Amino acid sequence: MKRLLDHTLRGYGQMLVANSRITGVCVLIGLLVLSLEAALMSLGGALLISALAQWRAQDDTVLKTGLFSVNGALLGALWYLFPQVPLWTQALATALGCAGMAYFFVPMAERMHEKKSPYVLFSLPYVIAAWAALTALIFFGVHDAELTRGWRALLTNHFEKAEKHFLNTEVSTDMAEAYRCAGLGWSLYRRGDQTGAQTAFSRVLSLKIGVPDAYDGLGWSRLRQGRYDDAALAFRRAVALDSFFADSWDGLGWCALQSGKPDEARHHFTTAALCAPLFADAYTGFAATMSGGTAQEYAKSWGGFFGSHLSLTAQFTSTRLLLCWVWFFIGILWHSRTSALVALTAVLICMAGSAWKPVFGDPAFAMNVIVLALALGGHYLRLNVKTVAWMLFVTLAMALLWEPLSEALLRLALLPLCLPFNLALLASIAFFGWLQRRGLCDERIPIDWASSTPAQIRVFTAQKEIADGCWDKLKKADPEQPLTERSLQLPAKVNLKENPE
């Protein structure tokens with residue numbers, strides 16, 4: 001049981017490329033803050049694949065770094081993106097996916113370890129298992145690809161395309177029908193068809209399923225028609241289902257303001273800003289409740305800044321998600337200050353890049369970039385000017401290829417997930433291996449060291465360089481008498497990581 005918990009927690013740490021139990025605990029706490037249901041499903045997947053991998057593996061060596069547990073944890077957390085899938089289906093797909101990953105990929109990892117391959121599977125098994133699960137759900141009619149395409153089109157402001165996808169969606173559960181109607185309602189609302197939007201949102205309410213998006217959309221549609229009391233009622237039902245729904249709190253603020261209740265409106269706008277600190281409209285509404293003064297000026301400036309620099313998706317980043325990221329950062333900082341600095345740099349690059357290309361503001365793309373920076377910034381490659389330049393080049397390539405890749409996969413009702421990170425990691429290891437074979441540079445870190453912290457790896461590398469330098473000097477001192485490990489009474493192989501003396 002102790003080994004099982006150890007592997008599981010290290011697996012959560014490997015979400016941030018950290019072989020650390022404490023980091024794993026921080027990541028798990030962050031997931032609990034984000035969504036209790038998603039965290040519990042993720043924990044079940046991590047525990048299950050850890051147990052199956054222990055039974056399947058011939059040697060515990062390939063499991064102790066948590067690189068199998070991370071795949072189960074990610075597969076369990078995947079369903080956070082698909083709330084319309086029934087809970088029992090999520091659990092069944094997670095269990096079957098974990099069993100498949102343990103059966104097929106544990107022997108593969110053991111063979112790679114025996115042959116001392118420089119490559120690592122990392123989370124590729126999760127990507128394959130997730131795609132297989134989504135394909136199976138579509139085949140059995142539990143999930144429709146058109147629903148995924150519709151929400152994707154809606155998020156990218158292609159409202160007519162989104163409407164077509166939602167109309168062509170065929171679903172078999174009330175929950176999926178609720179999300180289909182909610183998406184259709186929003187696409188009609190964005191196009192200005194308030195009557196059609198209210199009809200679609202009302203269809204969700206008739207299913208008696210609590211979907212806050214539907215109540216929120218109904219509220220905004222009524223607000224546009226000047227039905228402030230009816231709109232406020234819909235908004236209150238939305239926040240009753242999800243107390244962190246910033247858009248509905250913002251709607252309540254505008255309803256109160258239109259009804260001549262500035263104090264109540266200010267309270268609602270403040271709540272909206274607390275639930276989504278980057279939401280520009282909440283600051284604009286707060287400023288509208290003020291009659292002047294410094295607070296109004298600050299609110300206007302913040303609202304204008306967020307509105308002009310952030311996409312609407314980025315503005316809706318909830319406080320729960322921000323707290324989740326804070327816990328993730330605490331976990332990285334506990335593991336290594338170098339890794340924390342690398343992660344912050346990657347975040348700044350994504351923020352700056354979003355002004356050039358919107359894809360940098362996509363949370364899924366940003367996570368791929370951040371985790372890749374953590375992997376290449378001192379774990380699998382030495383952290384220096386060459387590798388930093390390489391990471392910037394790879395990030396640029398990922399940004400250019402993200403949209404075509406997403407569109408191609410979306411036609412199959414699939415998502416990129418962390419595939420770009422895995423491909424970039426394998427390509428980086430292969431590229432620097434090619435450079436090493438040609439004697440140009442040796443920036444790769446031995447795969448056995450990759451689970452250590454960057455600080456430890458720097459120590460191991462320095463010790464290796466000193467040992468290699470001593471061997472070179474001894475050989476030059478007496479070139480006629482070849483000096484071997486036996487003649488110097490040294491062990492044939494010295495593992496500097498285990499015995500630096």
# chains A, B, ... in the order shown; residues from 1 in each chain; ligands from 1
>>> residues_around(residues="range 413-416 of chain A", least_positions_apart="5", cutoff="12 Å", atoms="only C-alpha atoms", output="PyMOL selection string")
chain A and resi 78+81-82+124+126-139+143-152+165+364-365+367-368+398+401-408+421-423
>>> select_by_dssp(residues="range 244-400 of chain A", states="alpha helix (DSSP H)", output="ChimeraX atom specification")
/A:246-258,262-275,280-288,294-309,312-315,319-335,337-353,363-376,385-400
>>> closest_residue(among="A:Leu40, A:Gly361, A:Ala424, A:Ala265", to="Met391 in chain A", atoms="only C-alpha atoms")
A:Ala424
>>> closest_residue(among="A:Leu87, A:Ala343, A:Val17, A:Leu312", to="Ala38 in chain A", atoms="only C-alpha atoms")
A:Leu87
>>> residues_around(residues="Phe286 in chain A", least_positions_apart="4", cutoff="8 Å", atoms="only C-alpha atoms", output="PyMOL selection string")
chain A and resi 265-266+269-270+282+290+296+299
>>> decode(residues="range 378-403 of chain A", atoms="N, CA and C atoms", output="compact mmCIF listing (two decimals), in the first residue's frame")
# COMPACT_ATOMS: atom_id res chain seq x y z
N GLY A 378 16.23 21.62 -17.82
CA GLY A 378 17.05 21.06 -16.75
C GLY A 378 16.74 19.64 -16.39
N HIS A 379 15.73 19.00 -17.01
CA HIS A 379 15.42 17.61 -16.70
C HIS A 379 15.90 16.66 -17.79
N TYR A 380 15.56 16.96 -19.04
CA TYR A 380 15.97 16.11 -20.15
C TYR A 380 17.06 16.75 -21.00
N LEU A 381 17.23 18.05 -20.87
CA LEU A 381 18.31 18.77 -21.52
C LEU A 381 18.95 19.72 -20.51
N ARG A 382 20.22 19.99 -20.69
CA ARG A 382 20.88 20.98 -19.82
C ARG A 382 20.30 22.35 -20.11
N LEU A 383 20.17 23.13 -19.08
CA LEU A 383 19.61 24.47 -19.22
C LEU A 383 20.73 25.45 -19.53
N ASN A 384 20.83 25.86 -20.78
CA ASN A 384 21.82 26.84 -21.20
C ASN A 384 21.27 27.63 -22.39
N VAL A 385 22.12 28.45 -22.98
CA VAL A 385 21.66 29.32 -24.07
C VAL A 385 21.18 28.50 -25.26
N LYS A 386 21.87 27.41 -25.56
CA LYS A 386 21.49 26.59 -26.71
C LYS A 386 20.10 25.98 -26.53
N THR A 387 19.87 25.42 -25.36
CA THR A 387 18.57 24.77 -25.14
C THR A 387 17.44 25.79 -25.02
N VAL A 388 17.74 26.98 -24.48
CA VAL A 388 16.72 28.03 -24.42
C VAL A 388 16.32 28.46 -25.83
N ALA A 389 17.32 28.64 -26.71
CA ALA A 389 17.02 28.99 -28.10
C ALA A 389 16.20 27.89 -28.77
N TRP A 390 16.55 26.63 -28.48
CA TRP A 390 15.80 25.51 -29.05
C TRP A 390 14.36 25.51 -28.54
N MET A 391 14.15 25.77 -27.24
CA MET A 391 12.80 25.79 -26.68
C MET A 391 11.96 26.90 -27.32
N LEU A 392 12.55 28.06 -27.55
CA LEU A 392 11.81 29.14 -28.21
C LEU A 392 11.42 28.75 -29.63
N PHE A 393 12.33 28.08 -30.32
CA PHE A 393 12.03 27.62 -31.68
C PHE A 393 10.89 26.60 -31.67
N VAL A 394 10.94 25.65 -30.75
CA VAL A 394 9.90 24.63 -30.67
C VAL A 394 8.56 25.25 -30.29
N THR A 395 8.58 26.22 -29.38
CA THR A 395 7.33 26.90 -29.00
C THR A 395 6.72 27.62 -30.19
N LEU A 396 7.54 28.26 -30.99
CA LEU A 396 7.04 28.93 -32.18
C LEU A 396 6.44 27.93 -33.16
N ALA A 397 7.12 26.80 -33.34
CA ALA A 397 6.60 25.76 -34.24
C ALA A 397 5.27 25.21 -33.72
N MET A 398 5.16 25.00 -32.41
CA MET A 398 3.91 24.52 -31.83
C MET A 398 2.78 25.52 -32.04
N ALA A 399 3.10 26.82 -31.90
CA ALA A 399 2.07 27.85 -32.09
C ALA A 399 1.55 27.87 -33.52
N LEU A 400 2.44 27.65 -34.48
CA LEU A 400 2.03 27.66 -35.89
C LEU A 400 1.24 26.41 -36.27
N LEU A 401 1.54 25.29 -35.61
CA LEU A 401 0.91 24.03 -35.97
C LEU A 401 -0.32 23.70 -35.11
N TRP A 402 -0.55 24.46 -34.04
CA TRP A 402 -1.64 24.11 -33.11
C TRP A 402 -3.01 24.15 -33.79
N GLU A 403 -3.30 25.23 -34.50
CA GLU A 403 -4.62 25.36 -35.13
C GLU A 403 -4.85 24.30 -36.20
